[in-house]
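Shown below: model_14.cif, with mmCIF, C-alpha atoms.
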data_entry
loop_
_atom_site.label_atom_id
_atom_site.label_comp_id
_atom_site.auth_asym_id
_atom_site.auth_seq_id
_atom_site.Cartn_x
_atom_site.Cartn_y
_atom_site.Cartn_z
CA MET B 156 7.17 -16.84 -29.65
CA ASN B 157 3.44 -16.50 -29.58
CA PHE B 158 3.37 -18.29 -26.23
CA LEU B 159 5.89 -15.80 -24.83
CA ASN B 160 3.85 -12.85 -26.08
CA ASN B 161 0.70 -14.17 -24.48
CA TYR B 162 2.09 -15.26 -21.13
CA ILE B 163 5.04 -12.94 -20.50
CA TYR B 164 3.32 -11.21 -17.55
CA TYR B 165 2.42 -14.50 -15.90
CA ILE B 166 5.98 -15.75 -16.39
CA GLY B 167 7.42 -12.56 -14.90
CA ALA B 168 5.01 -12.60 -11.97
CA PHE B 169 5.71 -16.20 -11.07
CA GLY B 170 9.41 -15.67 -11.64
CA LEU B 171 9.30 -13.05 -8.89
CA VAL B 172 7.26 -15.36 -6.66
CA PHE B 173 9.77 -18.18 -7.06
CA ILE B 174 12.74 -15.90 -6.46
CA GLY B 175 11.04 -14.82 -3.22
CA LEU B 176 10.27 -18.40 -2.18
CA TYR B 177 13.84 -19.49 -2.90
CA ILE B 178 15.20 -16.66 -0.74
CA LEU B 179 12.78 -17.62 2.05
CA LEU B 180 13.92 -21.25 1.94
CA VAL B 181 17.67 -20.84 1.52
CA LYS B 182 18.97 -17.59 2.99
CA LYS B 183 20.29 -17.38 6.53
CA ASN B 184 20.21 -13.64 7.13
CA LEU B 185 16.92 -12.36 8.54
CA ILE B 186 17.05 -9.09 6.57
CA LYS B 187 17.45 -11.07 3.35
CA VAL B 188 14.47 -13.24 4.30
CA ILE B 189 12.37 -10.09 4.77
CA ILE B 190 13.54 -8.81 1.36
CA GLY B 191 12.46 -12.16 -0.11
CA LEU B 192 9.02 -11.77 1.46
CA SER B 193 8.75 -8.35 -0.16
CA ILE B 194 9.75 -9.72 -3.59
CA LEU B 195 7.16 -12.50 -3.24
CA ASP B 196 4.54 -9.82 -2.47
CA THR B 197 5.47 -7.91 -5.62
CA GLY B 198 5.10 -11.03 -7.76
CA VAL B 199 1.61 -11.66 -6.42
CA PHE B 200 0.60 -8.04 -7.16
CA LEU B 201 1.90 -8.31 -10.73
CA PHE B 202 -0.01 -11.56 -11.24
CA LEU B 203 -3.29 -10.08 -9.99
CA ILE B 204 -2.91 -7.02 -12.24
CA ALA B 205 -2.03 -9.24 -15.22
CA VAL B 206 -5.18 -11.33 -14.74
CA GLY B 207 -7.33 -8.20 -15.15
CA TYR B 208 -5.56 -6.95 -18.28
CA ILE B 209 -7.20 -6.97 -21.69
CA ASN B 210 -5.33 -6.53 -24.96
CA LYS B 211 -4.64 -2.89 -25.84
CA GLY B 212 -6.70 -1.78 -22.84
CA THR B 213 -6.65 1.59 -21.09
CA ALA B 214 -6.80 2.44 -17.40
CA PRO B 215 -10.35 2.43 -15.98
CA ILE B 216 -10.46 6.22 -15.62
CA PHE B 217 -12.76 8.47 -17.66
CA SER B 218 -10.30 11.34 -17.60
CA LYS B 219 -11.34 12.67 -21.03
CA THR B 220 -14.30 12.19 -23.31
CA GLY B 221 -14.27 9.62 -26.08
CA LEU B 222 -12.89 6.70 -24.08
CA ASN B 223 -14.55 3.41 -24.87
CA PRO B 224 -15.67 1.47 -21.76
CA LYS B 225 -15.18 -1.77 -23.68
CA ASN B 226 -11.42 -1.13 -23.90
CA MET B 227 -10.92 -0.61 -20.17
CA VAL B 228 -9.13 -3.14 -18.02
CA ASP B 229 -10.84 -4.77 -15.06
CA PRO B 230 -10.93 -2.38 -12.05
CA VAL B 231 -11.56 -5.06 -9.41
CA PRO B 232 -8.03 -6.59 -9.31
CA GLN B 233 -6.56 -3.09 -9.21
CA ALA B 234 -8.65 -2.22 -6.16
CA LEU B 235 -7.64 -5.50 -4.51
CA VAL B 236 -3.96 -4.84 -5.23
CA LEU B 237 -4.29 -1.35 -3.75
CA THR B 238 -5.50 -3.03 -0.55
CA SER B 239 -2.77 -5.65 -0.53
CA ILE B 240 0.06 -3.16 -1.20
CA VAL B 241 -0.92 -1.29 1.98
CA ILE B 242 -1.02 -4.55 3.92
CA GLY B 243 2.39 -5.46 2.48
CA VAL B 244 3.80 -2.19 3.83
CA ALA B 245 2.32 -2.97 7.25
CA ILE B 246 3.85 -6.48 7.23
CA LEU B 247 7.23 -5.09 6.17
CA ALA B 248 7.25 -2.52 8.99
CA LEU B 249 6.31 -5.11 11.62
CA ALA B 250 8.86 -7.63 10.34
CA LEU B 251 11.68 -5.05 10.40
CA THR B 252 10.68 -4.05 13.92
CA LEU B 253 10.87 -7.65 15.07
CA ALA B 254 14.23 -8.01 13.33
CA ILE B 255 15.57 -5.00 15.25
CA LYS B 256 14.39 -6.53 18.54
CA LEU B 257 15.84 -9.93 17.63
CA TYR B 258 19.21 -8.40 16.83
CA LYS B 259 19.27 -6.55 20.14
CA HIS B 260 18.40 -9.70 22.07
CA TYR B 261 20.69 -12.24 20.37
CA GLY B 262 23.35 -10.03 18.84
CA THR B 263 23.05 -11.74 15.45
CA LEU B 264 20.69 -11.88 12.50
CA ASN B 265 21.84 -15.35 11.41
CA LEU B 266 18.82 -17.62 11.71
CA ARG B 267 20.98 -20.76 12.05
CA LYS B 268 22.66 -19.38 15.15
CA ILE B 269 19.49 -18.38 17.00
CA LYS B 270 18.46 -21.48 18.86
CA GLU B 271 14.74 -20.80 19.15
CA GLN B 272 14.50 -19.90 15.47
CA ARG B 273 16.30 -22.93 14.07
CA TRP B 274 14.28 -24.91 11.51
CA MET P 142 22.02 -29.70 0.30
CA ARG P 143 19.37 -27.25 1.41
CA LYS P 144 19.74 -25.37 -1.85
CA ILE P 145 19.26 -28.49 -3.97
CA ILE P 146 16.19 -29.63 -2.02
CA SER P 147 14.65 -26.14 -2.23
CA ALA P 148 15.33 -25.91 -5.97
CA ILE P 149 13.73 -29.32 -6.63
CA LEU P 150 10.70 -28.35 -4.53
CA LEU P 151 10.32 -25.06 -6.39
CA ILE P 152 10.62 -26.76 -9.78
CA ILE P 153 7.81 -29.16 -8.83
CA ILE P 154 5.59 -26.24 -7.70
CA ALA P 155 6.46 -24.32 -10.88
CA GLY P 156 5.44 -27.28 -13.03
CA GLY P 157 2.07 -27.50 -11.30
CA ILE P 158 1.44 -23.78 -11.64
CA THR P 159 2.41 -23.83 -15.33
CA LEU P 160 -0.01 -26.67 -16.02
CA SER P 161 -2.87 -24.83 -14.33
CA LEU P 162 -2.07 -21.42 -15.84
CA MET P 163 -2.04 -22.76 -19.40
CA LYS P 164 -5.84 -22.87 -19.13
CA ILE P 165 -6.19 -19.20 -18.14
CA PRO P 166 -6.16 -17.07 -21.29
CA PHE P 167 -4.40 -13.74 -21.12
CA GLY P 168 -5.87 -10.45 -22.30
CA ILE P 169 -9.51 -11.44 -22.84
CA PRO P 170 -12.47 -9.29 -21.70
CA LYS P 171 -13.04 -9.04 -18.02
CA THR P 172 -15.41 -10.50 -15.46
CA LYS P 173 -19.05 -9.48 -15.19
CA VAL P 174 -18.46 -7.57 -11.95
CA GLY P 175 -15.77 -5.40 -13.50
CA GLU P 176 -17.91 -4.74 -16.56
CA TYR P 177 -20.82 -3.67 -14.35
CA TYR P 178 -18.59 -1.30 -12.38
CA ILE P 179 -17.21 0.29 -15.55
CA ASN P 180 -20.62 0.73 -17.19
CA LYS P 181 -22.63 1.84 -14.14
CA GLY P 182 -19.94 3.28 -11.88
CA ARG P 183 -20.14 6.82 -13.22
CA GLU P 184 -23.89 7.22 -12.66
CA GLU P 185 -23.99 5.39 -9.36
CA THR P 186 -21.04 7.04 -7.62
CA GLY P 187 -20.17 10.14 -9.68
CA ALA P 188 -16.44 9.39 -9.71
CA THR P 189 -14.56 9.24 -13.01
CA ASN P 190 -11.85 7.00 -11.56
CA ILE P 191 -13.55 3.61 -11.43
CA VAL P 192 -10.90 2.12 -9.14
CA THR P 193 -11.71 4.82 -6.58
CA SER P 194 -15.41 4.10 -6.83
CA VAL P 195 -14.71 0.40 -6.24
CA VAL P 196 -12.37 1.08 -3.33
CA LEU P 197 -14.52 3.64 -1.54
CA ASN P 198 -18.07 2.94 -2.61
CA TYR P 199 -18.70 -0.64 -3.65
CA ARG P 200 -16.06 -2.06 -1.33
CA GLY P 201 -15.83 0.78 1.19
CA PHE P 202 -16.09 -1.54 4.17
CA ASP P 203 -12.99 -3.36 2.93
CA THR P 204 -11.07 -0.08 2.96
CA LEU P 205 -12.11 0.53 6.57
CA GLY P 206 -10.59 -2.84 7.44
CA GLU P 207 -7.48 -1.95 5.48
CA ILE P 208 -6.79 1.28 7.35
CA THR P 209 -7.49 -0.59 10.59
CA ILE P 210 -4.75 -3.08 9.66
CA LEU P 211 -2.35 -0.21 8.96
CA PHE P 212 -3.29 1.39 12.29
CA ILE P 213 -2.70 -1.85 14.20
CA ALA P 214 0.66 -2.31 12.45
CA ALA P 215 1.73 1.23 13.39
CA LEU P 216 0.60 0.56 16.97
CA GLY P 217 2.50 -2.72 17.01
CA VAL P 218 5.71 -1.11 15.74
CA GLY P 219 5.50 1.50 18.52
CA ALA P 220 4.67 -1.06 21.20
CA ILE P 221 7.39 -3.57 20.24
CA LEU P 222 10.09 -0.93 19.93
CA SER P 223 9.35 0.70 23.28
CA LEU P 224 9.30 -2.71 25.01
CA GLY P 225 12.07 -3.06 27.60
CA ARG P 226 13.71 0.15 26.55
CA LYS P 227 15.63 2.10 29.15
CA ARG P 228 14.97 5.77 29.27
CA THR P 229 18.18 7.69 28.66
CA ASP P 230 18.19 11.35 29.50
CA LYS P 231 21.60 12.16 28.16
CA LYS P 232 21.45 13.81 24.78
CA GLU P 233 23.42 12.19 22.04
CA LYS P 234 25.65 14.43 20.05
CA ILE P 235 23.92 15.33 16.84
CA GLU P 236 26.04 15.57 13.75
CA PRO P 237 24.67 18.09 11.26
CA THR P 238 24.33 17.03 7.64
CA SER P 239 25.98 18.92 4.84
CA SER P 240 24.40 22.21 3.91
CA ILE P 241 23.55 21.03 0.39
CA VAL P 242 21.40 18.17 1.71
CA TYR P 243 19.87 20.42 4.37
CA THR P 244 18.92 23.20 1.93
CA GLY P 245 17.71 20.78 -0.73
CA CYS P 246 15.45 18.94 1.67
CA ARG P 247 14.04 22.17 3.08
CA PHE P 248 13.31 23.25 -0.50
CA LEU P 249 11.64 19.94 -1.42
CA PHE P 250 9.54 19.52 1.74
CA PRO P 251 6.67 21.96 0.92
CA ILE P 252 6.57 20.81 -2.72
CA LEU P 253 6.20 17.19 -1.64
CA LEU P 254 3.42 18.15 0.79
CA LEU P 255 1.65 19.99 -2.04
CA VAL P 256 1.96 17.05 -4.45
CA GLY P 257 0.70 14.61 -1.82
CA SER P 258 -2.31 16.80 -1.01
CA TYR P 259 -3.07 17.25 -4.72
CA ILE P 260 -2.99 13.50 -5.24
CA PHE P 261 -5.38 12.66 -2.44
CA ILE P 262 -7.76 15.56 -3.09
CA HIS P 263 -8.09 14.58 -6.76
CA GLY P 264 -8.38 10.87 -6.02
CA HIS P 265 -11.81 10.54 -7.61
CA LEU P 266 -10.75 12.21 -10.89
CA THR P 267 -7.18 11.19 -11.68
CA PRO P 268 -4.92 8.21 -10.92
CA GLY P 269 -3.98 8.30 -7.28
CA GLY P 270 -5.82 8.55 -4.03
CA GLY P 271 -5.53 8.62 -0.29
CA PHE P 272 -2.98 5.85 0.15
CA GLN P 273 -0.63 7.15 -2.52
CA GLY P 274 -0.91 10.77 -1.33
CA GLY P 275 -0.38 9.69 2.27
CA ALA P 276 2.76 7.78 1.28
CA ILE P 277 4.13 10.89 -0.49
CA ILE P 278 3.45 13.03 2.59
CA ALA P 279 5.22 10.47 4.78
CA SER P 280 8.18 10.51 2.39
CA ALA P 281 8.37 14.30 2.83
CA PHE P 282 8.68 13.79 6.59
CA LEU P 283 11.25 11.02 6.03
CA LEU P 284 13.33 13.52 4.07
CA ILE P 285 13.24 15.91 7.05
CA TYR P 286 14.28 13.09 9.41
CA LEU P 287 17.23 12.26 7.16
CA SER P 288 18.39 15.80 6.53
CA CYS P 289 17.86 17.47 9.90
CA PRO P 290 18.85 14.98 12.62
CA GLY P 291 17.32 15.92 15.94
CA LYS P 292 14.14 17.31 14.47
CA ARG P 293 11.02 15.30 15.23
CA VAL P 294 7.36 15.41 14.37
CA ASN P 295 5.19 16.58 17.23
CA GLU P 296 3.64 13.30 18.32
CA LYS P 297 0.59 14.92 19.89
CA TYR P 298 -0.55 16.65 16.73
CA SER P 299 0.08 13.63 14.50
CA LYS P 300 -1.98 11.44 16.87
CA ILE P 301 -4.79 14.03 16.84
CA THR P 302 -4.77 14.18 13.02
CA GLU P 303 -4.83 10.40 12.76
CA SER P 304 -7.69 9.96 15.24
CA LEU P 305 -9.78 12.74 13.70
CA ALA P 306 -9.33 11.30 10.19
CA GLY P 307 -10.39 7.83 11.34
CA LEU P 308 -13.36 9.33 13.16
CA ILE P 309 -14.48 11.22 10.02
CA PHE P 310 -14.51 7.97 8.02
CA ILE P 311 -16.59 6.08 10.59
CA VAL P 312 -18.98 8.97 11.27
CA LEU P 313 -19.64 9.44 7.52
CA GLY P 314 -20.33 5.72 7.24
CA LEU P 315 -22.73 5.81 10.19
CA ILE P 316 -24.55 8.87 8.78
CA GLY P 317 -25.01 6.88 5.57
CA LEU P 318 -26.39 4.00 7.62
CA ALA P 319 -28.89 6.36 9.31
CA ILE P 320 -30.04 8.12 6.11
CA GLY P 321 -29.81 5.39 3.50
CA GLN P 322 -29.89 1.65 3.70
CA GLU P 323 -26.25 0.69 4.15
CA PHE P 324 -22.97 1.65 5.77
CA LEU P 325 -21.10 4.32 3.72
CA PHE P 326 -24.22 5.20 1.71
CA ASN P 327 -23.38 8.09 -0.63
CA PHE P 328 -25.82 10.67 0.75
CA LEU P 329 -24.29 13.91 -0.59
CA PRO P 330 -25.24 15.22 -4.08
CA LYS P 331 -23.20 13.65 -6.88
CA GLY P 332 -22.51 16.92 -8.73
CA THR P 333 -21.23 17.24 -12.29
CA LEU P 334 -19.10 14.39 -13.53
CA GLY P 335 -15.43 15.27 -13.71
CA THR P 336 -15.37 18.34 -11.47
CA LEU P 337 -13.58 18.60 -8.14
CA LEU P 338 -16.77 18.97 -6.07
CA SER P 339 -18.46 15.79 -7.23
CA ALA P 340 -18.96 12.18 -6.22
CA GLY P 341 -20.59 12.96 -2.86
CA ILE P 342 -18.66 11.65 0.14
CA ILE P 343 -15.80 10.04 -1.84
CA PRO P 344 -13.40 13.06 -1.82
CA ILE P 345 -14.05 13.70 1.88
CA ILE P 346 -13.25 10.10 2.78
CA TYR P 347 -10.17 10.10 0.56
CA ILE P 348 -8.86 13.28 2.22
CA ALA P 349 -9.40 11.62 5.61
CA ILE P 350 -7.60 8.46 4.43
CA GLY P 351 -4.72 10.53 3.04
CA LEU P 352 -4.21 12.36 6.33
CA LYS P 353 -4.52 9.12 8.31
CA VAL P 354 -2.09 7.14 6.16
CA GLY P 355 0.36 10.06 6.10
CA SER P 356 0.41 10.43 9.87
CA GLU P 357 0.53 6.66 10.46
CA LEU P 358 3.47 6.11 8.11
CA THR P 359 5.21 9.14 9.65
CA GLY P 360 4.65 7.55 13.05
CA ILE P 361 6.21 4.28 11.85
CA ILE P 362 9.24 6.17 10.47
CA ASP P 363 9.53 8.15 13.70
CA ASN P 364 9.45 4.98 15.81
CA LEU P 365 11.95 3.14 13.62
CA ILE P 366 14.42 6.04 13.61
CA GLU P 367 14.11 7.39 17.14
CA LYS P 368 13.38 4.35 19.28
CA SER P 369 15.61 1.72 17.71
#
Written as structure tokens, how would this file's structure read?
Amino acid sequence: MNFLNNYIYYIGAFGLVFIGLYILLVKKNLIKVIIGLSILDTGVFLFLIAVGYINKGTAPIFSKTGLNPKNMVDPVPQALVLTSIVIGVAILALALTLAIKLYKHYGTLNLRKIKEQRW
Amino acid sequence: MRKIISAILLIIIAGGITLSLMKIPFGIPKTKVGEYYINKGREETGATNIVTSVVLNYRGFDTLGEITILFIAALGVGAILSLGRKRTDKKEKIEPTSSIVYTGCRFLFPILLLVGSYIFIHGHLTPGGGFQGGAIIASAFLLIYLSCPGKRVNEKYSKITESLAGLIFIVLGLIGLAIGQEFLFNFLPKGTLGTLLSAGIIPIIYIAIGLKVGSELTGIIDNLIEKS
């Protein structure tokens, strides 16, 4: 039980990563593959945030007086995750655009039926 | 067959990751860099939100790269969607939405714009910032696209807003390079901690980022809805 209390965020984060990887490996539909990519992204963000957490910590914002700097969580992973969320949105938009074009060209989103995409 | 092979592969990877993560303790005090930012960030940048001071001051160059990536993605979406597209002059018949949706969205639109602007103007004091505020503004425009079919954002003005916002960021950085020692040097007075007019150039840059992200995401939505 103690193990679960200590590592629940890591377990959740890597659970999301593995769900995303499984979707990427198994699913045929291109839209589902893109959804899997997005879930994988979310898992990585959760892992980075969890690495910076300290027990009973507060957000690194001095919004009122009397907050102890020693209790604040690490701001560096949060700034990195802010960057990577924006990049994730950019990747998602580009991938959906390519999916639209692919559907118009081949008439299907099934990756097994598109000859050039078969793997 | 594919499912079984993938599951076995993932179990092997999961075992390796579990073995390596057992060594990383959870919830202990942070790295030296983070501690330095938390202890010195308020005096050095004047922002109460330490994440903002990391994003825009200590790692400001990173943020410039980030908004460049978003800009290139928006450009790519527009370019790919208009590739090989025949121009059709005939107007499609527009079906109006129900009056409840229409009225509700018209009611929500200015409130969402206000919330988005509040979030990116107060980015150095409260949780939030330019990217979050920009996303809220883009969601306001998405609501208009969904509720009033046929209405579009004026592309000229959104392009002008986007270019001006990007220009403000780079020009402020270059002024810092000319006055101080480095790119994005905080040359304006820091002001009192915790007030709106503090932290030097950080609020100005965050307003620019908010406008840029808002217009870029609106452009992506516009391309995906109108050109596809």
Exercise for the section: Would you give me, as a PyMOL selection string, the residues of chain B that come within 8 Å of chain P, using all atoms listed in the file? Expected result: chain B and resi 161-162+173+176-177+180-181+205-210+215-218+224+227-231+233-234+238+241-242+245-246+248-249+252-253+255-256
Practice task
Would you write out, as a ChimeraX atom specification, every residue that the PyMOL selection byres ((chain P and resi 298) around 12) captures in this file?
Solution key: /P:293-297,299-305,352-353,356-357,359-360
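As for CA of Val172 in chain B and CA of Ile194 in chain B, they are spaced 6.9 Å apart.
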Neighbouring residues of range 260-269 of chain B were defined as those with any atom within 6 Å, considering only C-alpha atoms; residues of the same chain fewer than 5 positions away were excluded. Please report them as a CSV table (one decimal) with C-alpha atoms, in the frame of the given file.
chain,number,residue,atom,x,y,z
B,183,LYS,CA,20.3,-17.4,6.5
B,184,ASN,CA,20.2,-13.6,7.1
B,185,LEU,CA,16.9,-12.4,8.5
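Note that the spacing between CA of Ile163 in chain B and CA of Ile153 in chain P amounts to 20.2 Å.
The two atoms in question, CA of Ile342 in chain P and CA of Ser280 in chain P, are spaced 27.0 Å apart.
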Problem - All residues 12 Å or closer to Ile346 in chain P, only C-alpha atoms, same chain fewer than 2 positions away omitted, as a PyMOL selection string - result: chain P and resi 193-194+196-198+201+204-205+208+261-265+270-272+305-314+325+327+340-344+348-353
Saved selection, atoms kept: C-alpha atoms, as a short mmCIF file (atom, residue, chain, number, x, y, z; two decimals), in the frame of the given file:
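Saved file again.cif follows:
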data_model
loop_
_atom_site.label_atom_id
_atom_site.label_comp_id
_atom_site.auth_asym_id
_atom_site.auth_seq_id
_atom_site.Cartn_x
_atom_site.Cartn_y
_atom_site.Cartn_z
CA THR P 193 -11.71 4.82 -6.58
CA SER P 194 -15.41 4.10 -6.83
CA VAL P 196 -12.37 1.08 -3.33
CA LEU P 197 -14.52 3.64 -1.54
CA ASN P 198 -18.07 2.94 -2.61
CA GLY P 201 -15.83 0.78 1.19
CA THR P 204 -11.07 -0.08 2.96
CA LEU P 205 -12.11 0.53 6.57
CA ILE P 208 -6.79 1.28 7.35
CA PHE P 261 -5.38 12.66 -2.44
CA ILE P 262 -7.76 15.56 -3.09
CA HIS P 263 -8.09 14.58 -6.76
CA GLY P 264 -8.38 10.87 -6.02
CA HIS P 265 -11.81 10.54 -7.61
CA GLY P 270 -5.82 8.55 -4.03
CA GLY P 271 -5.53 8.62 -0.29
CA PHE P 272 -2.98 5.85 0.15
CA LEU P 305 -9.78 12.74 13.70
CA ALA P 306 -9.33 11.30 10.19
CA GLY P 307 -10.39 7.83 11.34
CA LEU P 308 -13.36 9.33 13.16
CA ILE P 309 -14.48 11.22 10.02
CA PHE P 310 -14.51 7.97 8.02
CA ILE P 311 -16.59 6.08 10.59
CA VAL P 312 -18.98 8.97 11.27
CA LEU P 313 -19.64 9.44 7.52
CA GLY P 314 -20.33 5.72 7.24
CA LEU P 325 -21.10 4.32 3.72
CA ASN P 327 -23.38 8.09 -0.63
CA ALA P 340 -18.96 12.18 -6.22
CA GLY P 341 -20.59 12.96 -2.86
CA ILE P 342 -18.66 11.65 0.14
CA ILE P 343 -15.80 10.04 -1.84
CA PRO P 344 -13.40 13.06 -1.82
CA ILE P 348 -8.86 13.28 2.22
CA ALA P 349 -9.40 11.62 5.61
CA ILE P 350 -7.60 8.46 4.43
CA GLY P 351 -4.72 10.53 3.04
CA LEU P 352 -4.21 12.36 6.33
CA LYS P 353 -4.52 9.12 8.31
#
Exercise for the section: Could you state which residues are captured by the PyMOL selection byres ((chain B and resi 191) around 9) in this file, as a list in words? Expected result: Val172, Ile174, Gly175, Leu176, Tyr177, Ile178, Leu179, Ile186, Lys187, Val188, Ile189, Ile190, Leu192, Ser193, Ile194, Leu195 and Asp196 of chain B
Would you fill out range 195-216 of chain P with N, CA and C atoms and return it as a compact mmCIF listing (two decimals), in the frame of the given file?
# COMPACT_ATOMS: atom_id res chain seq x y z
N VAL P 195 -14.68 1.76 -6.81
CA VAL P 195 -14.71 0.40 -6.24
C VAL P 195 -14.16 0.40 -4.83
N VAL P 196 -13.02 1.12 -4.64
CA VAL P 196 -12.37 1.08 -3.33
C VAL P 196 -13.23 1.74 -2.26
N LEU P 197 -13.84 2.88 -2.58
CA LEU P 197 -14.52 3.64 -1.54
C LEU P 197 -16.02 3.49 -1.54
N ASN P 198 -16.62 3.00 -2.62
CA ASN P 198 -18.07 2.94 -2.61
C ASN P 198 -18.58 1.50 -2.60
N TYR P 199 -18.19 0.73 -3.61
CA TYR P 199 -18.70 -0.64 -3.65
C TYR P 199 -18.05 -1.50 -2.57
N ARG P 200 -16.75 -1.26 -2.34
CA ARG P 200 -16.06 -2.06 -1.33
C ARG P 200 -15.51 -1.18 -0.22
N GLY P 201 -16.31 -0.18 0.20
CA GLY P 201 -15.83 0.78 1.19
C GLY P 201 -15.53 0.15 2.54
N PHE P 202 -16.29 -0.89 2.88
CA PHE P 202 -16.09 -1.54 4.17
C PHE P 202 -14.73 -2.22 4.23
N ASP P 203 -14.32 -2.77 3.07
CA ASP P 203 -12.99 -3.36 2.93
C ASP P 203 -11.89 -2.35 3.26
N THR P 204 -12.07 -1.11 2.75
CA THR P 204 -11.07 -0.08 2.96
C THR P 204 -10.98 0.29 4.44
N LEU P 205 -12.13 0.27 5.13
CA LEU P 205 -12.11 0.53 6.57
C LEU P 205 -11.26 -0.53 7.28
N GLY P 206 -11.43 -1.80 6.86
CA GLY P 206 -10.59 -2.84 7.44
C GLY P 206 -9.13 -2.65 7.14
N GLU P 207 -8.86 -2.17 5.92
CA GLU P 207 -7.48 -1.95 5.48
C GLU P 207 -6.78 -0.90 6.34
N ILE P 208 -7.46 0.25 6.55
CA ILE P 208 -6.79 1.28 7.35
C ILE P 208 -6.71 0.85 8.80
N THR P 209 -7.63 -0.05 9.24
CA THR P 209 -7.49 -0.59 10.59
C THR P 209 -6.24 -1.44 10.70
N ILE P 210 -5.97 -2.25 9.65
CA ILE P 210 -4.75 -3.08 9.66
C ILE P 210 -3.51 -2.20 9.74
N LEU P 211 -3.50 -1.10 8.94
CA LEU P 211 -2.35 -0.21 8.96
C LEU P 211 -2.18 0.43 10.34
N PHE P 212 -3.33 0.79 10.95
CA PHE P 212 -3.29 1.39 12.29
C PHE P 212 -2.72 0.41 13.31
N ILE P 213 -3.18 -0.85 13.23
CA ILE P 213 -2.70 -1.85 14.20
C ILE P 213 -1.21 -2.10 13.99
N ALA P 214 -0.76 -2.10 12.71
CA ALA P 214 0.66 -2.31 12.45
C ALA P 214 1.49 -1.17 13.03
N ALA P 215 1.00 0.09 12.84
CA ALA P 215 1.73 1.23 13.39
C ALA P 215 1.79 1.15 14.91
N LEU P 216 0.66 0.73 15.51
CA LEU P 216 0.60 0.56 16.97
C LEU P 216 1.58 -0.51 17.42
